[in-house]
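See below for the structure under consideration.
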Amino acid sequence: MDRCIYGCSALSFFFLLFTASASPHTLEPVHHNITGSGQINSNSVLVALLDSRYTELAELVEKALLLQTLEDAVGRHNITIFAPRNEALERDLDPDFKRFLLQPGNLKSLQTLLLSHIIPTRVGSNQWPEDNNSRRVKHVTLGHDQVLHLSKTKGNGKRLVNSAVITRPDDLTRPDGLIHGIERLLIPRSVQEDFNRRRNLRSISAVLPEGAPEIDPRTNRLKKSAAVPAGAPPVLPIQSAMAPGPSLAPAPAPGPGGPRHHFNGEAQVKDFIHTLLHYGGYNEMADILVNLTSLATEMGRLVSEGYVLTVLAPNDEAMAKLTTDQLSEPGAPEQIMYYHIIPEYQTEESMYNSVRRFGKVKYETLRFPHKVAAKEADGSVKFGSGDRSAYLFDPDIYTDGRISVQGIDGVLFPEEEEETVQKPSSSVKKVVQPRRGTFD
């Protein structure tokens, strides 16, 4: 029985071998790009790229952490790389755009841009459509839903990928792919829109710095300072409409005869902003606090004087939904951020316990007299109502006892409360209100 089995197997093997040798044109050669040890083959197009004249592109590929992705791609199929010349990335590229691509928070944009220069198939220079053919050949790239169109110009027959001229066709060819040199960088629309949105946000004029508000130690309220000492650094004011202002929660009083602690508010604010950046998904919030406004400086001053703050931080996805109209007015970024800062120390647990117990809680904000409402919803804390609501999405991103940062999935806007503004007696009673929110 064993002999029969072995004999049949051997006969089948030789039959298949004979069939393959008798029909060489029916089988396509398969190139194995990865060795048995899992390492990329030295004859791979990826190795050729890293050792090629396209040093700027190769450097970006490494910075974008795409080597493993491309190794997986050549392990499955041939690829074609459209490589911009070095000058296109060194001198011809907008410095602001290049700086945008290299920022850690924009890694996905950089990856999308680079993968949009690579198609998962082999396309040699002899496979371009003829110049007398009006149609353009479309190829899907490794980028997210990005497409490249191949065509030839009429008359001179220059090869084009989108609108970029192929300057070095078939510059590097390997068994698993090839590289065409192109005159310039191909920028996907989605990446351009991300850059334009960030650039427009940076161009918005912030409120001109004025004197910082003073804090009345008797009432724990902010009030507009009458004068600014000569030589004092400019800081952004908490808007003049805040007087008499919301009551802030001060630092715990020292014991009898005990020393009064000094808090380095600037260092604490820097620490929480760095935490936002490393946490990921909150780069827009950090950008507004540091670059577009002086809020980081003002928050540092308040914390140094012993006050505590809770920041409701909208994530990048929420910030991306802000329209130009919402940001075009002078001081709009400040006004938005004021409404997301609560002048008391709250954690995810304390806020959730409050809404569980009282149903609905209203917290004062630095955008006086507007308050942000919170309630329990779907096992979490929900701020605002209707289309202007947001859930507590990333709890306790940063909590150091003085600054608390809670990530939310929407940008909050106050409802128009004319009645609250018109009540003159509300400022008299505000001193005795509890500092953990007011309850309906």
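Identifiers for the structure tokens are assigned positionally: chains receive A, B, ... in sequence, residues are indexed from 1 per chain, and ligands are indexed from 1 in the order shown.
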
Counting only C-alpha atoms, what is within 9 Å of Ala88 in chain A, bar same-chain residues fewer than 6 positions away, as a short mmCIF file (atom, residue, chain, number, x, y, z; two decimals) with C-alpha atoms, in the first residue's frame?
data_model
loop_
_atom_site.label_atom_id
_atom_site.label_comp_id
_atom_site.auth_asym_id
_atom_site.auth_seq_id
_atom_site.Cartn_x
_atom_site.Cartn_y
_atom_site.Cartn_z
CA GLU A 183 9.11 66.50 -12.14
CA ARG A 184 7.16 67.40 -9.03
CA LEU A 185 5.25 66.16 -6.00
#

Note to self: Which of range 44-168 of chain A end up as alpha helix (DSSP H) when DSSP is run on this backbone - answer as number ranges by chain?
What the structure shows: A: 45-50, 55-63, 67-76, 86-90, 95-102, 107-115

Output N, CA and C atoms for every residue in that selection, as a short mmCIF file (atom, residue, chain, number, x, y, z; two decimals), in the first residue's frame.
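Full text of part.cif as output:
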data_model
loop_
_atom_site.label_atom_id
_atom_site.label_comp_id
_atom_site.auth_asym_id
_atom_site.auth_seq_id
_atom_site.Cartn_x
_atom_site.Cartn_y
_atom_site.Cartn_z
N VAL A 45 12.70 46.54 -5.33
CA VAL A 45 12.57 47.94 -5.73
C VAL A 45 12.65 48.87 -4.52
N LEU A 46 12.30 48.37 -3.32
CA LEU A 46 12.41 49.21 -2.13
C LEU A 46 13.86 49.49 -1.79
N VAL A 47 14.71 48.48 -1.89
CA VAL A 47 16.14 48.69 -1.67
C VAL A 47 16.69 49.66 -2.71
N ALA A 48 16.23 49.51 -3.94
CA ALA A 48 16.66 50.41 -5.01
C ALA A 48 16.25 51.85 -4.71
N LEU A 49 15.05 52.04 -4.15
CA LEU A 49 14.60 53.39 -3.80
C LEU A 49 15.48 54.00 -2.72
N LEU A 50 15.75 53.23 -1.67
CA LEU A 50 16.53 53.76 -0.56
C LEU A 50 17.96 54.09 -0.97
N THR A 55 16.81 60.74 -2.83
CA THR A 55 17.11 60.69 -1.39
C THR A 55 16.04 61.39 -0.55
N GLU A 56 15.48 62.49 -1.07
CA GLU A 56 14.45 63.21 -0.31
C GLU A 56 13.21 62.35 -0.13
N LEU A 57 12.78 61.67 -1.18
CA LEU A 57 11.62 60.80 -1.08
C LEU A 57 11.90 59.63 -0.14
N ALA A 58 13.08 59.04 -0.25
CA ALA A 58 13.43 57.91 0.62
C ALA A 58 13.43 58.34 2.08
N GLU A 59 13.90 59.56 2.36
CA GLU A 59 13.92 60.05 3.73
C GLU A 59 12.50 60.25 4.26
N LEU A 60 11.61 60.76 3.42
CA LEU A 60 10.22 60.94 3.84
C LEU A 60 9.54 59.61 4.10
N VAL A 61 9.85 58.60 3.29
CA VAL A 61 9.27 57.27 3.49
C VAL A 61 9.66 56.72 4.85
N GLU A 62 10.92 56.92 5.23
CA GLU A 62 11.37 56.44 6.54
C GLU A 62 10.72 57.24 7.66
N LYS A 63 10.61 58.56 7.50
CA LYS A 63 9.99 59.39 8.55
C LYS A 63 8.51 59.07 8.70
N LEU A 67 8.01 51.77 5.78
CA LEU A 67 8.81 50.69 5.22
C LEU A 67 8.11 49.33 5.36
N GLN A 68 7.54 49.08 6.53
CA GLN A 68 6.87 47.80 6.73
C GLN A 68 5.65 47.67 5.83
N THR A 69 4.92 48.77 5.66
CA THR A 69 3.75 48.76 4.77
C THR A 69 4.15 48.44 3.34
N LEU A 70 5.25 49.03 2.88
CA LEU A 70 5.70 48.79 1.51
C LEU A 70 6.29 47.39 1.36
N GLU A 71 6.95 46.89 2.40
CA GLU A 71 7.44 45.51 2.34
C GLU A 71 6.28 44.54 2.18
N ASP A 72 5.20 44.77 2.90
CA ASP A 72 4.02 43.92 2.77
C ASP A 72 3.44 44.03 1.36
N ALA A 73 3.48 45.24 0.79
CA ALA A 73 2.92 45.44 -0.55
C ALA A 73 3.70 44.68 -1.61
N VAL A 74 5.04 44.77 -1.59
CA VAL A 74 5.84 44.05 -2.60
C VAL A 74 5.83 42.56 -2.35
N GLY A 75 5.47 42.16 -1.15
CA GLY A 75 5.32 40.74 -0.88
C GLY A 75 4.08 40.15 -1.53
N ARG A 76 3.13 41.00 -1.89
CA ARG A 76 1.88 40.53 -2.49
C ARG A 76 1.83 40.75 -4.00
N ASN A 86 14.66 65.37 -6.33
CA ASN A 86 15.02 65.98 -5.05
C ASN A 86 14.71 67.47 -5.00
N GLU A 87 14.94 68.16 -6.11
CA GLU A 87 14.70 69.60 -6.14
C GLU A 87 13.24 69.93 -5.88
N ALA A 88 12.34 69.04 -6.30
CA ALA A 88 10.91 69.28 -6.09
C ALA A 88 10.55 69.26 -4.62
N LEU A 89 11.32 68.53 -3.82
CA LEU A 89 11.04 68.43 -2.39
C LEU A 89 11.92 69.37 -1.57
N GLU A 90 13.04 69.81 -2.14
CA GLU A 90 13.95 70.69 -1.40
C GLU A 90 13.63 72.16 -1.62
N PRO A 95 7.61 75.94 1.89
CA PRO A 95 8.19 75.61 3.20
C PRO A 95 7.14 75.35 4.27
N ASP A 96 6.04 76.10 4.23
CA ASP A 96 4.98 75.88 5.21
C ASP A 96 4.35 74.50 5.02
N PHE A 97 4.19 74.10 3.75
CA PHE A 97 3.59 72.79 3.49
C PHE A 97 4.52 71.67 3.94
N LYS A 98 5.81 71.83 3.70
CA LYS A 98 6.76 70.81 4.14
C LYS A 98 6.81 70.73 5.65
N ARG A 99 6.76 71.89 6.31
CA ARG A 99 6.74 71.91 7.77
C ARG A 99 5.47 71.22 8.28
N PHE A 100 4.36 71.44 7.60
CA PHE A 100 3.10 70.79 7.96
C PHE A 100 3.23 69.27 7.86
N LEU A 101 3.87 68.78 6.79
CA LEU A 101 4.00 67.34 6.60
C LEU A 101 4.88 66.69 7.66
N LEU A 102 5.87 67.43 8.14
CA LEU A 102 6.83 66.85 9.08
C LEU A 102 6.40 66.96 10.53
N LEU A 107 1.07 62.94 10.72
CA LEU A 107 1.67 61.73 10.16
C LEU A 107 0.76 61.08 9.12
N LYS A 108 -0.53 61.05 9.39
CA LYS A 108 -1.46 60.41 8.44
C LYS A 108 -1.48 61.15 7.11
N SER A 109 -1.39 62.46 7.15
CA SER A 109 -1.36 63.23 5.90
C SER A 109 -0.10 62.91 5.11
N LEU A 110 1.03 62.80 5.80
CA LEU A 110 2.28 62.46 5.12
C LEU A 110 2.19 61.06 4.52
N GLN A 111 1.64 60.12 5.26
CA GLN A 111 1.52 58.76 4.74
C GLN A 111 0.60 58.71 3.53
N THR A 112 -0.52 59.41 3.61
CA THR A 112 -1.44 59.44 2.46
C THR A 112 -0.76 60.03 1.24
N LEU A 113 0.00 61.11 1.42
CA LEU A 113 0.68 61.74 0.30
C LEU A 113 1.68 60.79 -0.36
N LEU A 114 2.49 60.11 0.45
CA LEU A 114 3.52 59.23 -0.11
C LEU A 114 2.90 58.00 -0.77
N LEU A 115 1.91 57.41 -0.13
CA LEU A 115 1.27 56.21 -0.71
C LEU A 115 0.52 56.54 -1.99
#

Next item on the list: Would you please give, as a ChimeraX atom specification, all residues of range 123-156 of chain A that DSSP assigns to strand (DSSP E or B) based on the backbone?
Entry: /A:137-140,147-152

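Nearest-residue note for His117 in chain A: choosing from A:Gly379, A:Pro129, A:Gly407, A:Pro84, the minimum distance belongs to A:Pro84, counting only C-alpha atoms.
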
Next item on the list: Would you work out the distance separating CA of Gly143 in chain A from CA of Pro120 in chain A, expressed in Å to one decimal?
Entry: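 According to the coordinates, CA of Gly143 in chain A and CA of Pro120 in chain A are separated by 10.3 Å.
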
Checklist line | Interatomic distance (Å, one decimal) between CA of Leu366 in chain A and CA of Ile288 in chain A | finding: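 We find that CA of Leu366 in chain A and CA of Ile288 in chain A lie 16.0 Å from each other.
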
Check: Interatomic distance between CA of Leu160 in chain A and CA of Leu93 in chain A?
Finding: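 Straight-line distance from CA of Leu160 in chain A to CA of Leu93 in chain A works out to 19.6 Å.
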
Check: Smallest atom-to-atom distance to Gly281 in chain A: which of A:Lys321, A:Arg85, A:Lys382, A:Gly105, using only C-alpha atoms?
Finding: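 Closest residue, counting only C-alpha atoms: A:Gly105.
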
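Residues within 8 Å of range 164-176 of chain A, counting only C-alpha atoms and excluding same-chain residues fewer than 5 positions away, are His31, His32, Asn33, Asn43, Ser44, Val45, Ala48, Val74, His77, Asn78, Ile79, Gly124, Ser125, Lys158, Arg159, Gly181, Ile182, Glu183, Arg184, Leu185 and Leu186 of chain A.
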
Checklist line | Contacts of Ile408 in chain A within 9 Å, only C-alpha atoms, excl. fewer than 6 positions in-chain, as a PyMOL selection string | finding: chain A and resi 312-315+318+382-383+390-395

Store the residues of this selection in a file with C-alpha atoms, as a JSON list (two decimals), in the first residue's frame.
[["chain", "number", "residue", "atom", "x", "y", "z"],
["A", 312, "LEU", "CA", -12.92, 70.33, 28.13],
["A", 313, "ALA", "CA", -10.73, 69.61, 25.11],
["A", 314, "PRO", "CA", -12.44, 68.94, 21.74],
["A", 315, "ASN", "CA", -10.56, 66.35, 19.70],
["A", 318, "ALA", "CA", -14.48, 67.85, 16.27],
["A", 382, "LYS", "CA", -22.93, 64.65, 27.96],
["A", 383, "PHE", "CA", -22.31, 68.39, 27.67],
["A", 390, "ALA", "CA", -20.51, 66.55, 23.13],
["A", 391, "TYR", "CA", -19.73, 63.42, 25.10],
["A", 392, "LEU", "CA", -16.87, 62.97, 27.53],
["A", 393, "PHE", "CA", -14.79, 60.89, 25.13],
["A", 394, "ASP", "CA", -11.29, 60.58, 26.63],
["A", 395, "PRO", "CA", -11.51, 60.89, 30.42]]
